[in-house]
Every structure is written in structure tokens, then in C-alpha cells.
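To start, the structure under review is shown below, and the notes come after it.
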Amino acid sequence: KRKYIKARIEKTMSNEEQQRYLDNITVKAETLIEALPYIRDFNSKKVVVKYGGSAMLDHNLEESVIKDVALLKLVGMQPIIVHGGGKEISKWISKVGKETRFEEGFRVTDKDTMEIAEMVLNRVNKNLVSMVEHLGVKAIGLCGKDGGMLHVQKKMPNGKDIGFVGDIDHVNTEVIDTLLENDYIPIIAPIGMDDEGNTYNINADDAACAIAGGIRAEKLAFLTDVEGVCMNPNDPTTLVSVLNLIEANKLIEAGIISGGMLPKVNNCIHAVNSGVGRVHILDGRRDHCLLLEFFTKRGIGTAIIGDDSGRYSNEI
């Protein structure tokens with residue numbers, strides 16, 4: 001049978017084409033071997049993926065992310081998706097003739113805006129569920145109101161009232177744990193509720209951090225529109241692969257981490273201090289960014305860890 005298959009290949013390929021084919025499948029085999037220790041070490045571990053930004057606006061990138069998450073599940077990990085939808089919310093606010101306003105970096109959210117945000121986030125949520133289910137993996141979409149998952153208080157940045165925007169003060173992990181135990185991928189929209197039953201919009205990064213800390217996730221991955229932390233923000237070749245908390249804080253003090261990267265890194269630091277094993281900042285515009293970061297020695301983004309005891313053997 002092998003001789004027959006080889007003969008068929010030789011009939012349809014030139015020697016040069018056959019060599020390229022063999023080289024290509026050899027690289028794929030080597031990639032699988034490189035991934036093997038990570039697949040072993042992360043088996044049954046909880047991984048939170050914060051999904052948003054440009055990756056949500058490009059259908060091909062969206063499919064790439066969902067396929068990555070499905071593969072994480074199929075190789076034994078326990079992924080949870082926390083998604084945003086800010087740009088889609090802004091689009092629908094504009095469609096109904098309202099103006100989008102921001103204060104202190106947060107969307108001012110009156111009652112009508114909250115209704116629009118909830119509608120849009122629910123639509124995004126169910127679309128992601130459909131994509132995962134289409135790949136043969138079980139998923140359930142929910143928001144932070146379900147099962148009292150995300151309890152919030154009103155956010156007042158610098159004392160300003162910005163409407164129905166919430167700060168998470170408690171995470172009830174019961175629903176998430178139940179779904180994971182029954183082999184589902186939870187897909188969570190960042191909406192919470194207060195003691196009076198009022199609905200609040202939550203920053204998706206904040207929601208991902210709180211959930212990852214609440215379930216003591218092994219990993220939290222932020223899919224962003226940047227490569228990661230660079231010593232020179234204008235030079236991607238200066239990307240830093242791994243930072244411990246002391247190193248990260250020194251880069252903040254030196255002003256190397258600043259601007260839009262500063263809140264991202266502060267979220268990472270908060271998550272690590274909340275018990276998350278490792279937090280990744282990844283470029284969500286790159287195909288299969290999760291697999292490239294999780295299952296290769298070098299990775300493609302920046303990982304933030306508590307201290308050097310959290311480094312992998314190839315990083316020491």
C-alpha cells in the first residue's frame with residue numbers, strides 16, 4: 001500500500017514538488033512535537049481568552065481565533081471566552097441617532113445606551129457560540145447577570161457619574177464551574193448587575209481579569225491590536241517575551257510602558273496578583289496567535305508572570 005501511495009505521489013509531482021511537500025509535512029510534524037510538552041502541562045487547566053479589537057471586525061481573523069479556542073478545548077484545556085463589542089456598540093448607537101461620549105476612557109452609558117449595549121453584546125455572544133458549535137465543540141453563551149456571576153457597584157471614575165458602568169466587586173464562579181465540568185466552553189458577555197437588579201456595562205478587560213482571578217486560571221490572554229510590550233514602541237523587534245512583576249513595574253516607572261499599553265499591563269499585573277498563573281498580551285490581528293503563543297518555545301507576544309519561578313525552562 002505504501003509503495004502504491006508513493007507511486008501515485010511520484011506520478012503527480014515532480015522531484016522538486018515532492019521535496020517541497022515532504023519538507024512541509026516534516027515542519028508540521030516538528031511543530032506538533034514542539035507543542036507536546038505544553039499540551040501535557042496545560043491539560044485540564046483553565047484558560048481565559050479576552051476577545052475583542054480588530055480580530056472581531058475581520059471575519060477571517062474571527063474564524064482563526066475561534067478555531068484556536070476550539071483546539072485548546074480538544075487537546076484537553078478548559079477555555080473560557082470573555083468578549084467585548086465596543087466598536088459594534090458605537091455603530092448601533094450612531095444608527096439610532098445618539099452620540100457616543102467617553103469620560104476617563106469609559107463610555108457614558110445612560111439607560112437607552114445600556115439597552116443598546118446589551119442587545120449588541122447578546123448578538124455578538126450568540127454569533128460566537130454558533131461558530132464554536134459549528135466546529136463540533138459545545139459552547140454556551142451567557143452574561144454576568146446569569147447565575148449572579150458578576151456583581152457590580154456603580155463606577156465613578158474621579159467622582160464622575162458616567163451612568164450604568166459597573167465595577168466588579170464579586171465573581172460567582174458556580175455557573176462557569178458547572179459548564180466546564182460538563183464539557184462546555186463558556187462564552188461570556190461583560191454585563192453585570194447590582195443589588196437592586198440594575199444592569200451595568202463592564203469594561204471587557206476588567207471582566208476578563210475578574211473572572212480569571214475568580215476561577216484561578218492558569219492563563220489569561222488579551223487579544224489586542226499590538227504585538228506586546230516593546231522596549232521601543234515603534235520597533236516590533238524590541239518585543240519583550242516575558243516580564244515578571246518587578247520588571248513590569250520598572251518599565252512603567254521608566255515611562256517605557258505608557259499610553260494605551262499602560263492600562264493593558266496594569267490589568268495584567270492585577271490579574272497575576274489575583275492568582276492567575278500567566279497573562280499574555282497578544283496581537284489578535286495575527287492568524288492563530290493563541291496557538292503560536294501557547295504551544296511554541298518563543299511565542300509571539302508578551303507574557304507577564306509573578307516572579308522568575310514562573311518561567312518555563314526555555315525562558316531561564
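Going by the C-alpha cells order, chains are called A, B, ..., each with residues numbered from 1, while ligands are numbered from 1 in the order shown.
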
Shell of 6 Å around A:Val229, only C-alpha atoms, local chain residues under 5 positions omitted, as a PDB file with N, CA and C atoms, in the first residue's frame:
```
ATOM      1  N   LEU A 239      10.412  43.547  21.021  1.00  0.00           N
ATOM      2  CA  LEU A 239       9.391  42.884  21.826  1.00  0.00           C
ATOM      3  C   LEU A 239      10.025  42.130  22.991  1.00  0.00           C
ATOM      4  N   VAL A 240       9.435  42.263  24.176  1.00  0.00           N
ATOM      5  CA  VAL A 240       9.878  41.538  25.369  1.00  0.00           C
ATOM      6  C   VAL A 240       8.972  40.320  25.528  1.00  0.00           C
ATOM      7  N   THR A 302       3.836  39.060  24.639  1.00  0.00           N
ATOM      8  CA  THR A 302       4.488  39.274  25.932  1.00  0.00           C
ATOM      9  C   THR A 302       3.706  38.538  27.010  1.00  0.00           C
TER      10      THR A 302
END
```

What residues in stretch 17-208 of chain A get the DSSP label strand (DSSP E)? Please answer as a ChimeraX atom specification.
/A:46-51,78-83,102-103,106-107,139-143,150-154,166-171,185-189,191-193,199-201

List the neighbours of A:Asp205 out to 8 Å using only C-alpha atoms; skip same-chain residues closer than 4 positions along the sequence, and give me the result as a list in words.
Lys50, Cys209, Phe222 and Asn267 of chain A

Give me the residues near A:Ala139 as a PyMOL selection string, where near means some atom within 10 Å (using only C-alpha atoms) and where sequence neighbours in that chain fewer than 6 positions away do not count.
chain A and resi 70+80-81+126+128-133+179-180+183-187

At a cut-off of 12 Å, using only C-alpha atoms, what residues contact stretch 40-44 of chain A? Leave out same-chain residues fewer than 2 positions from it and give the result as number ranges by chain.
A: 33-38, 46-47, 72-79, 180-181, 183, 217-219, 277-278, 294-295, 312

Restricting the output to N, CA and C atoms, write the selected residues as a PDB file, in the first residue's frame.
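out36.pdb was written with the following content:
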```pdb
ATOM      1  N   ILE A  33       5.490  18.149  17.688  1.00  0.00           N
ATOM      2  CA  ILE A  33       6.403  17.651  18.725  1.00  0.00           C
ATOM      3  C   ILE A  33       6.770  18.783  19.682  1.00  0.00           C
ATOM      4  N   GLU A  34       6.997  19.992  19.146  1.00  0.00           N
ATOM      5  CA  GLU A  34       7.319  21.139  19.997  1.00  0.00           C
ATOM      6  C   GLU A  34       6.159  21.466  20.937  1.00  0.00           C
ATOM      7  N   ALA A  35       4.936  21.262  20.446  1.00  0.00           N
ATOM      8  CA  ALA A  35       3.755  21.587  21.252  1.00  0.00           C
ATOM      9  C   ALA A  35       3.472  20.547  22.331  1.00  0.00           C
ATOM     10  N   LEU A  36       4.020  19.343  22.179  1.00  0.00           N
ATOM     11  CA  LEU A  36       3.669  18.223  23.058  1.00  0.00           C
ATOM     12  C   LEU A  36       3.841  18.523  24.541  1.00  0.00           C
ATOM     13  N   PRO A  37       4.991  19.060  25.006  1.00  0.00           N
ATOM     14  CA  PRO A  37       5.120  19.299  26.456  1.00  0.00           C
ATOM     15  C   PRO A  37       4.135  20.329  26.982  1.00  0.00           C
ATOM     16  N   TYR A  38       3.771  21.316  26.152  1.00  0.00           N
ATOM     17  CA  TYR A  38       2.808  22.330  26.592  1.00  0.00           C
ATOM     18  C   TYR A  38       1.405  21.734  26.676  1.00  0.00           C
ATOM     19  N   LYS A  46      -7.435  25.784  33.292  1.00  0.00           N
ATOM     20  CA  LYS A  46      -8.401  26.801  32.863  1.00  0.00           C
ATOM     21  C   LYS A  46      -7.670  27.969  32.188  1.00  0.00           C
ATOM     22  N   VAL A  47      -8.203  28.379  31.055  1.00  0.00           N
ATOM     23  CA  VAL A  47      -7.597  29.450  30.264  1.00  0.00           C
ATOM     24  C   VAL A  47      -8.684  30.442  29.871  1.00  0.00           C
ATOM     25  N   LEU A  72      -7.796  24.330  21.645  1.00  0.00           N
ATOM     26  CA  LEU A  72      -7.389  24.285  23.051  1.00  0.00           C
ATOM     27  C   LEU A  72      -8.293  23.335  23.829  1.00  0.00           C
ATOM     28  N   LYS A  73      -9.589  23.414  23.539  1.00  0.00           N
ATOM     29  CA  LYS A  73     -10.542  22.535  24.216  1.00  0.00           C
ATOM     30  C   LYS A  73     -10.292  21.073  23.846  1.00  0.00           C
ATOM     31  N   LEU A  74     -10.078  20.817  22.572  1.00  0.00           N
ATOM     32  CA  LEU A  74      -9.952  19.433  22.100  1.00  0.00           C
ATOM     33  C   LEU A  74      -8.649  18.766  22.541  1.00  0.00           C
ATOM     34  N   VAL A  75      -7.619  19.566  22.885  1.00  0.00           N
ATOM     35  CA  VAL A  75      -6.375  18.957  23.385  1.00  0.00           C
ATOM     36  C   VAL A  75      -6.356  18.884  24.908  1.00  0.00           C
ATOM     37  N   GLY A  76      -7.501  19.216  25.552  1.00  0.00           N
ATOM     38  CA  GLY A  76      -7.604  18.967  26.991  1.00  0.00           C
ATOM     39  C   GLY A  76      -7.633  20.174  27.890  1.00  0.00           C
ATOM     40  N   MET A  77      -7.493  21.377  27.337  1.00  0.00           N
ATOM     41  CA  MET A  77      -7.564  22.567  28.174  1.00  0.00           C
ATOM     42  C   MET A  77      -9.025  22.961  28.403  1.00  0.00           C
ATOM     43  N   GLN A  78      -9.248  23.898  29.310  1.00  0.00           N
ATOM     44  CA  GLN A  78     -10.603  24.359  29.616  1.00  0.00           C
ATOM     45  C   GLN A  78     -10.704  25.858  29.334  1.00  0.00           C
ATOM     46  N   PRO A  79     -10.967  26.230  28.079  1.00  0.00           N
ATOM     47  CA  PRO A  79     -11.008  27.654  27.735  1.00  0.00           C
ATOM     48  C   PRO A  79     -12.337  28.313  28.086  1.00  0.00           C
ATOM     49  N   LEU A 180     -17.898  24.048  32.730  1.00  0.00           N
ATOM     50  CA  LEU A 180     -16.616  23.390  32.450  1.00  0.00           C
ATOM     51  C   LEU A 180     -16.680  21.908  32.806  1.00  0.00           C
ATOM     52  N   GLU A 181     -17.298  21.611  33.933  1.00  0.00           N
ATOM     53  CA  GLU A 181     -17.421  20.203  34.359  1.00  0.00           C
ATOM     54  C   GLU A 181     -18.233  19.377  33.371  1.00  0.00           C
ATOM     55  N   ASP A 183     -18.219  19.920  30.091  1.00  0.00           N
ATOM     56  CA  ASP A 183     -17.530  19.915  28.798  1.00  0.00           C
ATOM     57  C   ASP A 183     -17.990  21.018  27.843  1.00  0.00           C
ATOM     58  N   ALA A 217      -7.369  30.903  37.044  1.00  0.00           N
ATOM     59  CA  ALA A 217      -6.971  30.417  35.722  1.00  0.00           C
ATOM     60  C   ALA A 217      -5.465  30.258  35.625  1.00  0.00           C
ATOM     61  N   GLU A 218      -5.039  29.262  34.881  1.00  0.00           N
ATOM     62  CA  GLU A 218      -3.619  29.084  34.602  1.00  0.00           C
ATOM     63  C   GLU A 218      -3.120  30.191  33.678  1.00  0.00           C
ATOM     64  N   LYS A 219      -3.971  30.591  32.724  1.00  0.00           N
ATOM     65  CA  LYS A 219      -3.590  31.607  31.753  1.00  0.00           C
ATOM     66  C   LYS A 219      -4.751  32.557  31.493  1.00  0.00           C
ATOM     67  N   GLY A 277      -1.941  32.418  36.765  1.00  0.00           N
ATOM     68  CA  GLY A 277      -0.568  31.944  36.620  1.00  0.00           C
ATOM     69  C   GLY A 277       0.274  32.766  35.667  1.00  0.00           C
ATOM     70  N   ARG A 278      -0.276  33.110  34.519  1.00  0.00           N
ATOM     71  CA  ARG A 278       0.472  33.822  33.483  1.00  0.00           C
ATOM     72  C   ARG A 278      -0.512  34.587  32.611  1.00  0.00           C
ATOM     73  N   PHE A 294       0.966  29.842  22.912  1.00  0.00           N
ATOM     74  CA  PHE A 294       0.861  28.804  23.931  1.00  0.00           C
ATOM     75  C   PHE A 294       1.727  27.583  23.639  1.00  0.00           C
ATOM     76  N   PHE A 295       1.905  27.245  22.368  1.00  0.00           N
ATOM     77  CA  PHE A 295       2.485  25.952  22.012  1.00  0.00           C
ATOM     78  C   PHE A 295       3.833  26.031  21.293  1.00  0.00           C
ATOM     79  N   TYR A 312       9.238  29.270  32.167  1.00  0.00           N
ATOM     80  CA  TYR A 312       9.433  27.914  31.640  1.00  0.00           C
ATOM     81  C   TYR A 312      10.917  27.651  31.491  1.00  0.00           C
TER      82      TYR A 312
END
```

Distance in Å - atom CA of A:Lys154 versus atom CA of A:Gly213
20.6 Å

Going by DSSP on the backbone, which residues of stretch 46-282 of chain A come out as helix (DSSP H, G or I)? List them as number ranges by chain.
A: 53-56, 59-74, 86-95, 111-134, 146-148, 157-159, 174-181, 204-214, 236-238, 245-253, 261-273
